[in-house]
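Colleague: Contents are mmCIF, C-alpha atoms and all ligand atoms; file name structure-v4.cif:
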data_work
loop_
_atom_site.label_atom_id
_atom_site.label_comp_id
_atom_site.auth_asym_id
_atom_site.auth_seq_id
_atom_site.Cartn_x
_atom_site.Cartn_y
_atom_site.Cartn_z
CA MET A 4 11.37 -42.42 11.12
CA SER A 5 14.30 -40.20 11.82
CA PRO A 6 13.37 -36.56 12.37
CA SER A 7 16.82 -35.16 11.78
CA LYS A 8 17.48 -37.21 8.65
CA LYS A 9 19.21 -35.39 5.81
CA ARG A 10 16.66 -34.01 3.43
CA ASP A 11 16.33 -32.63 -0.07
CA THR A 12 15.03 -29.28 -1.21
CA ALA A 13 11.84 -29.62 0.80
CA PHE A 14 10.92 -31.13 4.13
CA GLN A 15 7.98 -31.26 6.51
CA LYS A 16 8.12 -29.38 9.78
CA CYS A 17 5.83 -29.34 12.79
CA ILE A 18 4.22 -25.90 13.36
CA ASN A 19 4.59 -26.21 17.14
CA PRO A 20 7.71 -24.20 18.06
CA ASP A 21 8.25 -26.29 21.18
CA CYS A 22 8.49 -29.40 19.00
CA GLY A 23 9.72 -28.29 15.57
CA ALA A 24 10.22 -31.88 14.42
CA GLU A 25 11.29 -32.22 10.79
CA PHE A 26 10.58 -35.05 8.38
CA GLU A 27 11.33 -35.81 4.76
CA CYS A 28 8.51 -35.23 2.28
CA ALA A 29 8.41 -38.92 1.37
CA LEU A 30 7.12 -39.72 4.85
CA VAL A 31 3.34 -39.83 5.24
CA THR A 32 2.57 -39.42 8.93
CA ARG A 33 -0.71 -40.61 10.39
CA GLY A 34 -3.38 -38.06 9.43
CA PHE A 35 -0.60 -35.70 8.27
CA LYS A 36 0.01 -34.75 11.88
CA CYS A 37 3.28 -34.54 13.75
CA PRO A 38 3.98 -37.99 15.17
CA ARG A 39 5.72 -36.42 18.16
CA CYS A 40 3.14 -33.87 19.33
CA GLY A 41 0.08 -34.26 17.07
CA GLU A 42 0.23 -30.72 15.62
CA LEU A 43 -0.14 -29.69 11.98
CA LEU A 44 2.79 -29.86 9.57
CA ASP A 45 4.17 -27.34 7.08
CA VAL A 46 6.07 -28.01 3.89
CA CYS A 47 9.29 -25.98 4.15
CA TYR A 48 12.05 -25.36 1.64
CA GLU A 49 15.80 -25.00 1.55
CA TRP A 50 15.48 -21.91 -0.62
CA ASP A 51 19.21 -21.74 -1.34
CA LYS A 52 18.87 -25.10 -3.11
CA VAL A 53 15.93 -24.01 -5.28
CA ALA A 54 16.37 -22.11 -8.55
CA VAL A 55 13.74 -19.45 -7.75
CA PRO A 56 13.57 -16.71 -10.41
CA ARG A 57 14.98 -13.35 -9.28
CA ARG A 58 11.79 -11.50 -10.17
CA LEU A 59 8.19 -12.73 -10.10
CA CYS A 60 7.59 -11.53 -13.66
CA ASP A 61 10.09 -14.15 -14.86
CA PHE A 62 7.34 -16.74 -14.30
CA GLY A 63 5.40 -14.98 -17.07
CA ARG A 64 7.82 -16.38 -19.64
CA ARG A 65 6.19 -19.79 -19.24
CA TRP A 66 3.18 -18.59 -21.25
CA ALA A 67 5.41 -18.94 -24.31
CA SER A 68 5.95 -22.66 -23.66
CA ARG A 69 2.46 -23.63 -22.59
CA ASP A 70 2.49 -26.67 -24.86
CA ASN A 71 4.34 -28.16 -21.89
CA PRO A 72 1.46 -29.19 -19.57
CA LEU A 73 3.44 -28.09 -16.50
CA ASP A 74 3.90 -24.61 -17.95
CA PHE A 75 0.21 -24.46 -18.88
CA SER A 76 -0.88 -25.43 -15.36
CA GLY A 77 -1.68 -22.42 -13.17
CA VAL A 78 -0.14 -24.39 -10.30
CA TRP A 79 3.03 -25.84 -11.79
CA ARG A 80 3.85 -22.69 -13.75
CA PHE A 81 5.09 -21.52 -10.34
CA ARG A 82 6.73 -24.84 -9.50
CA GLU A 83 9.93 -23.40 -7.98
CA LEU A 84 7.73 -21.96 -5.23
CA LEU A 85 6.36 -25.40 -4.32
CA ASP A 86 9.35 -27.55 -5.13
CA PHE A 87 8.63 -30.71 -3.15
CA CYS A 88 8.60 -33.37 -5.86
CA GLU A 89 10.24 -34.28 -9.14
CA ASP A 90 8.51 -33.37 -12.40
CA ARG A 91 7.81 -37.03 -13.22
CA TYR A 92 5.32 -37.22 -10.34
CA LYS A 93 3.54 -33.96 -11.07
CA VAL A 94 -0.15 -34.28 -11.86
CA THR A 95 -2.07 -31.71 -13.89
CA ILE A 96 -5.44 -31.60 -15.60
CA GLY A 97 -5.13 -27.97 -16.67
CA GLU A 98 -6.01 -26.35 -13.33
CA GLY A 99 -5.48 -22.71 -12.47
CA GLN A 100 -6.64 -21.01 -15.70
CA THR A 101 -8.51 -18.52 -13.57
CA ILE A 102 -9.39 -14.88 -14.07
CA LEU A 103 -8.93 -11.78 -11.95
CA GLN A 104 -11.71 -9.41 -12.99
CA ARG A 105 -11.83 -5.75 -12.11
CA ASN A 106 -15.47 -5.19 -11.23
CA ASP A 107 -16.60 -1.59 -10.74
CA ALA A 108 -20.26 -2.53 -10.22
CA VAL A 109 -19.31 -4.69 -7.25
CA ALA A 110 -17.02 -1.88 -6.06
CA LYS A 111 -20.01 0.46 -6.07
CA TYR A 112 -22.13 -2.12 -4.19
CA VAL A 113 -19.58 -2.42 -1.40
CA GLY A 114 -18.88 1.33 -1.27
CA MET A 115 -15.49 1.49 -2.96
CA ARG A 116 -14.03 3.57 -5.75
CA ARG A 117 -13.83 2.41 -9.36
CA GLY A 118 -10.76 0.29 -10.01
CA SER A 119 -10.48 -0.92 -6.41
CA VAL A 120 -12.32 -4.25 -6.36
CA PHE A 121 -11.07 -7.36 -8.15
CA LEU A 122 -12.76 -10.75 -8.23
CA GLN A 123 -10.58 -13.83 -8.52
CA TYR A 124 -12.73 -16.53 -10.14
CA GLU A 125 -11.41 -19.84 -8.85
CA GLY A 126 -14.69 -21.42 -9.98
CA LEU A 127 -13.15 -21.53 -13.46
CA ASN A 128 -11.02 -24.51 -12.44
CA PRO A 129 -11.75 -27.88 -14.13
CA SER A 130 -13.97 -29.20 -11.31
CA GLY A 131 -15.46 -25.74 -10.75
CA SER A 132 -13.70 -24.79 -7.51
CA PHE A 133 -10.39 -23.68 -6.01
CA LYS A 134 -9.83 -27.21 -4.68
CA ASP A 135 -8.13 -28.21 -7.93
CA ASN A 136 -5.13 -26.03 -7.06
CA GLY A 137 -4.54 -28.09 -3.96
CA MET A 138 -5.36 -31.44 -5.52
CA ALA A 139 -2.80 -30.99 -8.31
CA ALA A 140 -0.17 -30.72 -5.58
CA ALA A 141 -1.60 -33.36 -3.21
CA PHE A 142 -2.07 -35.99 -5.92
CA SER A 143 1.49 -35.34 -7.09
CA HIS A 144 2.64 -36.12 -3.55
CA ALA A 145 0.33 -39.16 -3.47
CA LYS A 146 2.02 -40.47 -6.63
CA MET A 147 5.46 -39.68 -5.21
CA VAL A 148 4.77 -41.83 -2.13
CA GLY A 149 3.12 -44.60 -4.18
CA ALA A 150 -0.43 -44.20 -2.82
CA ARG A 151 -3.00 -46.52 -4.42
CA SER A 152 -6.13 -45.46 -2.61
CA SER A 153 -7.30 -42.15 -1.16
CA ALA A 154 -10.11 -40.61 0.87
CA CYS A 155 -11.55 -37.29 1.95
CA ALA A 156 -14.40 -35.79 3.92
CA SER A 157 -16.24 -33.11 2.04
CA THR A 158 -18.89 -30.44 2.04
CA GLY A 159 -18.92 -31.03 -1.73
CA ASN A 160 -16.18 -29.24 -3.62
CA THR A 161 -13.40 -31.43 -2.25
CA SER A 162 -15.21 -34.60 -3.28
CA ALA A 163 -15.71 -33.30 -6.82
CA SER A 164 -12.07 -32.33 -7.16
CA VAL A 165 -10.68 -35.47 -5.52
CA ALA A 166 -12.85 -37.67 -7.72
CA MET A 167 -11.67 -35.90 -10.87
CA TYR A 168 -7.96 -36.08 -10.02
CA ALA A 169 -8.17 -39.62 -8.65
CA HIS A 170 -9.43 -41.08 -11.89
CA SER A 171 -6.96 -39.02 -13.92
CA CYS A 172 -4.05 -40.65 -12.07
CA GLU A 173 -5.60 -44.05 -11.40
CA ILE A 174 -5.77 -43.78 -7.63
CA LYS A 175 -8.93 -45.12 -6.01
CA CYS A 176 -10.96 -42.70 -3.96
CA THR A 177 -13.67 -42.68 -1.34
CA VAL A 178 -15.49 -39.53 -0.28
CA LEU A 179 -17.46 -39.07 2.94
CA ILE A 180 -20.27 -36.55 2.89
CA GLY A 181 -22.85 -35.53 5.47
CA SER A 182 -26.41 -36.57 4.74
CA GLY A 183 -28.40 -33.67 3.27
CA ARG A 184 -25.45 -31.29 3.67
CA ILE A 185 -24.16 -31.17 0.11
CA ALA A 186 -25.19 -28.96 -2.80
CA PHE A 187 -26.58 -30.94 -5.72
CA GLY A 188 -24.07 -29.78 -8.31
CA LYS A 189 -21.23 -31.10 -6.17
CA LEU A 190 -22.83 -34.45 -5.36
CA SER A 191 -23.53 -35.00 -9.06
CA GLN A 192 -19.84 -34.48 -9.82
CA ALA A 193 -18.56 -36.98 -7.25
CA MET A 194 -20.88 -39.64 -8.63
CA ASP A 195 -20.14 -38.79 -12.26
CA TYR A 196 -16.36 -38.94 -11.78
CA GLY A 197 -16.67 -42.38 -10.25
CA ALA A 198 -15.83 -41.79 -6.57
CA ARG A 199 -17.10 -44.26 -4.00
CA THR A 200 -19.43 -41.80 -2.28
CA ILE A 201 -20.47 -42.60 1.28
CA GLN A 202 -23.14 -40.50 2.95
CA ILE A 203 -23.12 -40.61 6.73
CA ASP A 204 -25.69 -39.37 9.17
CA GLY A 205 -23.86 -36.28 10.41
CA ASP A 206 -22.30 -32.94 9.50
CA PHE A 207 -18.91 -32.15 7.95
CA ASP A 208 -17.09 -32.14 11.28
CA GLU A 209 -18.27 -35.70 11.91
CA CYS A 210 -17.23 -36.77 8.40
CA MET A 211 -13.82 -35.23 9.07
CA ARG A 212 -13.36 -37.25 12.27
CA ARG A 213 -14.45 -40.49 10.59
CA VAL A 214 -12.28 -40.07 7.52
CA GLN A 215 -9.19 -39.62 9.68
CA GLU A 216 -10.07 -42.81 11.54
CA VAL A 217 -10.65 -44.74 8.34
CA CYS A 218 -7.45 -43.46 6.70
CA GLY A 219 -5.52 -44.49 9.82
CA LYS A 220 -6.96 -47.99 9.85
CA LEU A 221 -6.75 -48.70 6.11
CA GLY A 222 -3.67 -46.67 5.22
CA LEU A 223 -5.57 -44.52 2.70
CA TYR A 224 -4.02 -41.28 1.46
CA LEU A 225 -5.89 -38.37 3.12
CA LEU A 226 -6.83 -35.49 0.84
CA ASN A 227 -8.35 -32.98 3.24
CA SER A 228 -6.51 -29.76 3.93
CA LEU A 229 -4.76 -31.31 6.93
CA ASN A 230 -2.55 -32.51 4.09
CA PRO A 231 0.15 -29.82 3.90
CA PHE A 232 0.97 -30.63 0.27
CA ARG A 233 -2.54 -29.58 -0.71
CA LEU A 234 -1.95 -26.16 0.81
CA GLU A 235 1.20 -25.78 -1.28
CA GLY A 236 -0.99 -25.94 -4.39
CA GLN A 237 -3.45 -23.49 -2.86
CA LYS A 238 -0.67 -20.90 -2.56
CA THR A 239 -0.81 -20.46 -6.33
CA THR A 240 -4.09 -18.54 -6.24
CA ILE A 241 -2.03 -15.73 -4.73
CA PHE A 242 0.67 -16.01 -7.41
CA ARG A 243 -1.99 -15.68 -10.09
CA ILE A 244 -3.61 -12.67 -8.40
CA ILE A 245 -0.19 -10.99 -8.29
CA GLU A 246 0.46 -11.95 -11.91
CA GLN A 247 -2.82 -10.44 -13.08
CA MET A 248 -2.14 -7.26 -11.12
CA GLY A 249 0.97 -6.75 -13.21
CA TRP A 250 3.19 -8.55 -10.67
CA THR A 251 2.14 -6.26 -7.84
CA VAL A 252 0.31 -7.13 -4.62
CA PRO A 253 -3.12 -5.79 -3.64
CA GLU A 254 -3.63 -4.09 -0.26
CA TRP A 255 -6.18 -6.72 0.81
CA VAL A 256 -7.18 -10.29 0.03
CA VAL A 257 -10.63 -11.38 1.18
CA VAL A 258 -11.37 -15.10 1.51
CA PRO A 259 -14.22 -17.22 2.89
CA GLY A 260 -13.40 -19.05 6.14
CA GLY A 261 -14.38 -22.74 6.27
CA ASN A 262 -11.73 -25.29 7.13
CA LEU A 263 -9.25 -22.38 6.86
CA GLY A 264 -6.91 -24.02 4.35
CA ASN A 265 -6.99 -21.14 1.87
CA SER A 266 -6.29 -18.41 4.41
CA SER A 267 -3.42 -20.50 5.80
CA ALA A 268 -2.00 -21.16 2.34
CA PHE A 269 -2.35 -17.53 1.21
CA ALA A 270 -0.45 -16.19 4.20
CA LYS A 271 2.27 -18.80 3.68
CA ALA A 272 2.56 -17.69 0.05
CA PHE A 273 2.95 -14.04 1.03
CA TYR A 274 5.38 -14.85 3.82
CA GLU A 275 7.60 -16.90 1.52
CA LEU A 276 7.51 -14.31 -1.28
CA LYS A 277 8.60 -11.66 1.21
CA GLN A 278 11.30 -13.94 2.59
CA LEU A 279 12.57 -14.45 -0.97
CA GLY A 280 12.57 -10.71 -1.65
CA LEU A 281 10.01 -11.14 -4.44
CA ILE A 282 7.49 -8.76 -2.85
CA ASP A 283 8.07 -5.73 -0.61
CA GLN A 284 4.83 -5.71 1.31
CA ILE A 285 2.58 -8.44 2.75
CA PRO A 286 -1.10 -7.59 2.06
CA ARG A 287 -3.72 -7.75 4.77
CA ILE A 288 -6.13 -10.65 4.80
CA ALA A 289 -9.82 -10.65 5.75
CA ILE A 290 -11.39 -14.02 6.56
CA ILE A 291 -15.18 -14.17 6.35
CA ASN A 292 -17.24 -16.73 8.27
CA ALA A 293 -20.94 -17.35 7.81
CA ALA A 294 -22.85 -16.36 10.95
CA GLY A 295 -24.17 -19.93 11.33
CA ALA A 296 -20.64 -21.39 11.29
CA ASP A 297 -18.55 -18.71 12.95
CA THR A 298 -15.99 -20.52 15.07
CA LEU A 299 -13.06 -18.41 13.89
CA ASN A 300 -14.98 -15.18 14.44
CA GLU A 301 -16.00 -16.27 17.96
CA LEU A 302 -12.53 -17.46 18.96
CA VAL A 303 -10.59 -14.52 17.54
CA ASN A 304 -12.93 -11.59 18.18
CA ASN A 305 -14.78 -12.61 21.34
CA ARG A 306 -12.41 -15.00 23.09
CA LYS A 307 -9.24 -13.25 21.94
CA LEU A 308 -7.45 -16.36 20.69
CA THR A 309 -4.14 -15.54 18.97
CA TRP A 310 -1.20 -17.35 17.38
CA ASN A 311 0.97 -16.23 20.30
CA GLU A 312 4.20 -17.24 18.55
CA GLY A 313 2.87 -20.77 18.13
CA ARG A 314 1.90 -21.23 21.76
CA VAL A 315 -1.85 -21.11 21.10
CA ASP A 316 -4.03 -21.20 24.21
CA GLN A 317 -5.49 -24.67 23.74
CA ALA A 318 -7.80 -24.22 26.74
CA ILE A 319 -9.81 -21.51 24.93
CA ILE A 320 -10.39 -23.83 21.97
CA ALA A 321 -11.21 -26.84 24.14
CA GLU A 322 -13.68 -24.84 26.22
CA TYR A 323 -15.49 -23.50 23.16
CA TYR A 324 -15.68 -26.92 21.49
CA SER A 325 -17.03 -28.52 24.64
CA GLU A 326 -19.70 -25.79 24.80
CA LEU A 327 -20.66 -26.64 21.21
CA THR A 328 -20.89 -30.31 22.12
CA ALA A 329 -22.89 -29.59 25.29
CA ARG A 330 -25.57 -27.72 23.35
CA GLY A 331 -25.56 -30.26 20.51
CA PHE A 332 -24.51 -27.54 18.07
CA SER A 333 -24.31 -28.30 14.36
CA PRO A 334 -23.41 -25.42 12.02
CA HIS A 335 -26.05 -24.14 9.61
CA THR A 336 -25.63 -21.76 6.69
CA CYS A 337 -26.77 -21.60 3.07
CA ALA A 338 -23.05 -21.36 2.25
CA SER A 339 -22.60 -25.13 2.62
CA ALA A 340 -18.92 -25.02 1.57
CA ILE A 341 -18.08 -23.21 4.80
CA GLU A 342 -20.58 -24.98 7.07
CA ILE A 343 -17.82 -26.11 9.41
CA SER A 344 -17.54 -25.54 13.16
CA ARG A 345 -14.25 -27.29 13.97
CA PRO A 346 -11.85 -26.04 11.29
CA VAL A 347 -8.82 -28.31 11.01
CA ASN A 348 -6.43 -25.52 10.03
CA LEU A 349 -7.41 -23.24 12.89
CA LYS A 350 -3.88 -22.83 14.24
CA LYS A 351 -2.31 -22.21 10.84
CA CYS A 352 -5.03 -19.62 10.27
CA LEU A 353 -4.18 -17.88 13.54
CA ARG A 354 -0.63 -17.68 12.24
CA ALA A 355 -1.98 -16.29 8.94
CA ILE A 356 -3.82 -13.55 10.83
CA GLU A 357 -0.55 -12.66 12.56
CA VAL A 358 1.51 -12.69 9.35
CA CYS A 359 -1.03 -10.68 7.33
CA ASN A 360 -2.38 -8.39 10.08
CA GLY A 361 -5.67 -10.10 9.36
CA VAL A 362 -9.24 -9.45 10.39
CA VAL A 363 -12.13 -11.87 10.83
CA LEU A 364 -15.85 -11.29 10.68
CA ALA A 365 -19.09 -13.18 10.15
CA VAL A 366 -21.88 -12.27 7.74
CA THR A 367 -25.50 -13.45 7.64
CA ASP A 368 -26.98 -15.76 5.01
CA GLU A 369 -29.08 -12.83 3.80
CA GLU A 370 -25.97 -10.73 3.18
CA ILE A 371 -24.33 -13.69 1.43
CA CYS A 372 -27.31 -14.28 -0.87
CA ASP A 373 -27.60 -10.61 -1.84
CA ALA A 374 -23.85 -10.39 -2.53
CA LYS A 375 -24.04 -13.57 -4.59
CA ALA A 376 -26.81 -12.05 -6.71
CA VAL A 377 -24.67 -8.93 -7.25
CA VAL A 378 -21.69 -11.04 -8.37
CA GLY A 379 -24.06 -12.90 -10.69
CA ARG A 380 -25.67 -9.79 -12.13
CA TYR A 381 -22.48 -7.84 -12.72
CA GLY A 382 -19.85 -10.56 -12.95
CA LEU A 383 -19.44 -14.22 -13.78
CA GLY A 384 -21.34 -15.57 -10.78
CA CYS A 385 -20.19 -17.70 -7.87
CA GLU A 386 -21.40 -20.18 -5.30
CA PRO A 387 -22.79 -18.91 -1.95
CA ALA A 388 -19.65 -19.35 0.19
CA SER A 389 -17.65 -17.32 -2.34
CA ALA A 390 -20.04 -14.40 -2.02
CA ALA A 391 -19.26 -14.18 1.69
CA THR A 392 -16.16 -12.28 0.53
CA VAL A 393 -18.17 -9.51 -1.14
CA ALA A 394 -20.63 -9.37 1.77
CA GLY A 395 -17.66 -9.22 4.13
CA LEU A 396 -15.98 -6.45 2.15
CA LYS A 397 -19.17 -4.40 2.27
CA ARG A 398 -19.10 -4.66 6.08
CA LEU A 399 -15.39 -3.86 6.23
CA ARG A 400 -16.06 -0.72 4.22
CA SER A 401 -18.98 0.34 6.41
CA GLN A 402 -16.74 -0.08 9.46
CA GLY A 403 -13.98 1.92 7.77
CA ILE A 404 -11.50 -0.95 8.07
CA VAL A 405 -10.84 -1.03 4.33
CA GLY A 406 -10.17 2.30 2.59
CA SER A 407 -12.33 3.18 -0.43
CA ASP A 408 -9.37 3.27 -2.81
CA GLU A 409 -7.36 0.33 -1.50
CA ARG A 410 -7.00 -2.49 -4.00
CA VAL A 411 -8.89 -5.57 -2.81
CA ALA A 412 -8.94 -9.07 -4.31
CA CYS A 413 -11.98 -11.12 -3.31
CA VAL A 414 -11.37 -14.82 -3.89
CA LEU A 415 -14.48 -16.44 -5.36
CA THR A 416 -13.89 -20.08 -4.58
CA GLY A 417 -16.61 -21.89 -6.53
CA HIS A 418 -18.68 -21.79 -9.72
CA PRO A 419 -22.33 -20.62 -9.65
CA LEU A 420 -23.57 -23.98 -11.01
CA LYS A 421 -22.25 -25.74 -7.90
CA ASP A 422 -25.44 -24.82 -6.07
CA PRO A 423 -28.22 -24.00 -8.56
CA ASP A 424 -30.98 -24.82 -6.05
CA LEU A 425 -30.10 -21.91 -3.80
CA THR A 426 -29.87 -19.53 -6.77
CA VAL A 427 -33.26 -20.54 -8.11
CA LYS A 428 -34.81 -20.27 -4.66
CA TYR A 429 -33.37 -16.78 -4.13
CA HIS A 430 -34.69 -15.46 -7.41
CA LYS A 431 -38.04 -17.25 -7.45
CA ASP A 432 -38.96 -16.48 -3.85
CA ARG A 433 -38.58 -12.75 -4.60
CA GLY A 434 -37.39 -12.20 -1.05
CA GLY A 435 -33.93 -10.87 -1.80
CA SER A 436 -33.05 -7.31 -2.78
CA PHE A 437 -31.80 -8.54 -6.16
CA SER A 438 -34.36 -11.27 -6.89
CA ASN A 439 -35.04 -11.69 -10.59
CA PRO A 440 -37.93 -14.16 -10.90
CA PRO A 441 -39.25 -15.46 -14.22
CA VAL A 442 -42.58 -13.94 -15.23
CA GLU A 443 -45.34 -16.34 -16.12
CA VAL A 444 -47.55 -15.50 -19.06
CA ALA A 445 -50.00 -17.25 -21.34
CA ASN A 446 -48.67 -18.79 -24.55
CA ASP A 447 -49.68 -15.75 -26.57
CA VAL A 448 -47.49 -13.55 -28.76
CA ASP A 449 -49.20 -10.25 -27.88
CA GLN A 450 -48.89 -10.84 -24.19
CA ILE A 451 -45.19 -11.81 -24.57
CA ILE A 452 -44.51 -8.64 -26.57
CA ARG A 453 -46.32 -6.49 -24.03
CA LEU A 454 -44.11 -7.92 -21.28
CA ILE A 455 -40.90 -7.35 -23.20
CA GLN A 456 -41.88 -3.75 -23.91
CA ALA A 457 -43.06 -3.05 -20.38
ZN ZN A 501 5.41 -31.70 16.69
#
For this file, write the structure as structure tokens.
Ligand SMILES: [Zn+2]
Modeller:
Amino acid sequence: MSPSKKRDTAFQKCINPDCGAEFECALVTRGFKCPRCGELLDVCYEWDKVAVPRRLCDFGRRWASRDNPLDFSGVWRFRELLDFCEDRYKVTIGEGQTILQRNDAVAKYVGMRRGSVFLQYEGLNPSGSFKDNGMAAAFSHAKMVGARSSACASTGNTSASVAMYAHSCEIKCTVLIGSGRIAFGKLSQAMDYGARTIQIDGDFDECMRRVQEVCGKLGLYLLNSLNPFRLEGQKTTIFRIIEQMGWTVPEWVVVPGGNLGNSSAFAKAFYELKQLGLIDQIPRIAIINAAGADTLNELVNNRKLTWNEGRVDQAIIAEYYSELTARGFSPHTCASAIEISRPVNLKKCLRAIEVCNGVVLAVTDEEICDAKAVVGRYGLGCEPASAATVAGLKRLRSQGIVGSDERVACVLTGHPLKDPDLTVKYHKDRGGSFSNPPVEVANDVDQIIRLIQA
């Protein structure tokens, strides 16, 4: 390994400013961490060597040539903005055909004016979640480096996406999931797409530790969001939001906070677009934890942890994590996709908060379930973690942090069918404000008619 080796358009760089080691993209470091200091890595670009269009709207021309699979892909359509591998390695299964929906009913629910709230449905991806954006990029990198076998830890959506991409490009895959911690829709996908699915007795954080160990020992390609190439793909959600807003940026982007890959990737996207002169203003970001898995909220709001120009106060993190260990804490929320207490992208997310003047808050499971029912009733539906965005926006409005006429894009990360059990329970138990239970009636036409006319 030679950190200062001459590189191509793109290279990897350690996020620690006191290290700043650089590596070529073809190098796969152990666990995608800096071999010098153990910190996270970024994918960086020599922008003067990349043919980036002068205006963002120029990307729109690719709709005319969508018979080319790379132009059809909602990730690779923007390929100059994630230019780390040659076209021959690029993997696509048609990801990123997602919709930004203006939703005035949701705007009313959260206390905003008509025309202010937009829902970005990432659940419309092939495997039903935003993960496909990242996997298109990560599997392209896996092919570029000649990976034969891959692995990930997962709360569910990652395993579904990894399994789908792995079989499409003939790379073996193993997924580690926590016992009893995965929504049924997601587990069914991993099995159906042929992943070797290993359930361990533990939560996501324990799966995450184990998968890094296993990848290190067996040389498997790691597909969790520690992998910086995955985050490059996740930047494209932002490009598509901008595209669907007529190539303008919203004032706010609201995103659920789990392992913090999306928030990190979104801020990187905005930062790079600003650097390239393609946008004038960087939007603010709001990251929403579930109250039962609120590490980011605790560290940022209560313990005042900041990016601090890359010199993050490690002692604050270590102290909090040792407190969690001492009380045997395991996160618990109905939003299983964000049931994570040791987010791997924590430091990149702190940087995102700095770049985007971000805010963090935590919402209860009750708020999440009600918001999910509202998105279902008035929109296209979403999985529980996604609805944390709408619940979070409602809080941000009540606290006056978001103005009633600011344009806000809530990123809905997963499809409603990912977790049908929770949906059925919410509606059948009649406990929620928006419960819509089925009505039981005798098999009799008059009684059925009476009910319909009631
Ligand atoms: Zn380093």
Colleague: Write as a list in words the residues around ligand ZN 501 (chain A), taking 12 Å as the cut-off and counting all atoms listed in the file.
Modeller: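 Listing the residues within 12 Å of ligand ZN 501 (chain A) gives Pro6, Gln15, Lys16, Cys17, Ile18, Asn19, Pro20, Asp21, Cys22, Gly23, Ala24, Glu25, Phe26, Thr32, Phe35, Lys36, Cys37, Pro38, Arg39, Cys40, Gly41, Glu42, Leu43, Leu44, Asp45 and Gly313 of chain A.
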Colleague: Which residues are near A:Met147? Cut-off 9 Å, all atoms listed in the file, ignore same chain within fewer than 3 positions. Put them as a JSON list (two decimals) with C-alpha atoms, in the coordinates of the input.
Modeller:
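Below is the file that was written, part08.json:
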[["chain", "number", "residue", "atom", "x", "y", "z"],
["A", 29, "ALA", "CA", 8.41, -38.92, 1.37],
["A", 88, "CYS", "CA", 8.60, -33.37, -5.86],
["A", 89, "GLU", "CA", 10.24, -34.28, -9.14],
["A", 91, "ARG", "CA", 7.81, -37.03, -13.22],
["A", 92, "TYR", "CA", 5.32, -37.22, -10.34],
["A", 93, "LYS", "CA", 3.54, -33.96, -11.07],
["A", 142, "PHE", "CA", -2.07, -35.99, -5.92],
["A", 143, "SER", "CA", 1.49, -35.34, -7.09],
["A", 144, "HIS", "CA", 2.64, -36.12, -3.55],
["A", 150, "ALA", "CA", -0.43, -44.20, -2.82]]
Colleague: What is the atom CA of A:Ala289 to atom CA of A:Ala365 distance in Å?
Modeller: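 Here the two named atoms are 10.6 Å from each other.
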Colleague: Pick from A:Ser68, A:Ser389, A:Thr328, A:Ser162: nearest to A:Gln192, with only C-alpha atoms counted?
Modeller: A:Ser162
Colleague: Show which residues sit within 8 Å of A:Leu396, as number ranges by chain. Count all atoms listed in the file, and ignore same-chain residues fewer than 6 positions away.
Modeller: A: 113, 257, 405
Colleague: Of the residues A:Ser407, A:Ala163, A:Thr239, A:Ala156, which is the one nearest to A:Ile201, using all atoms listed in the file?
Modeller: A:Ala156
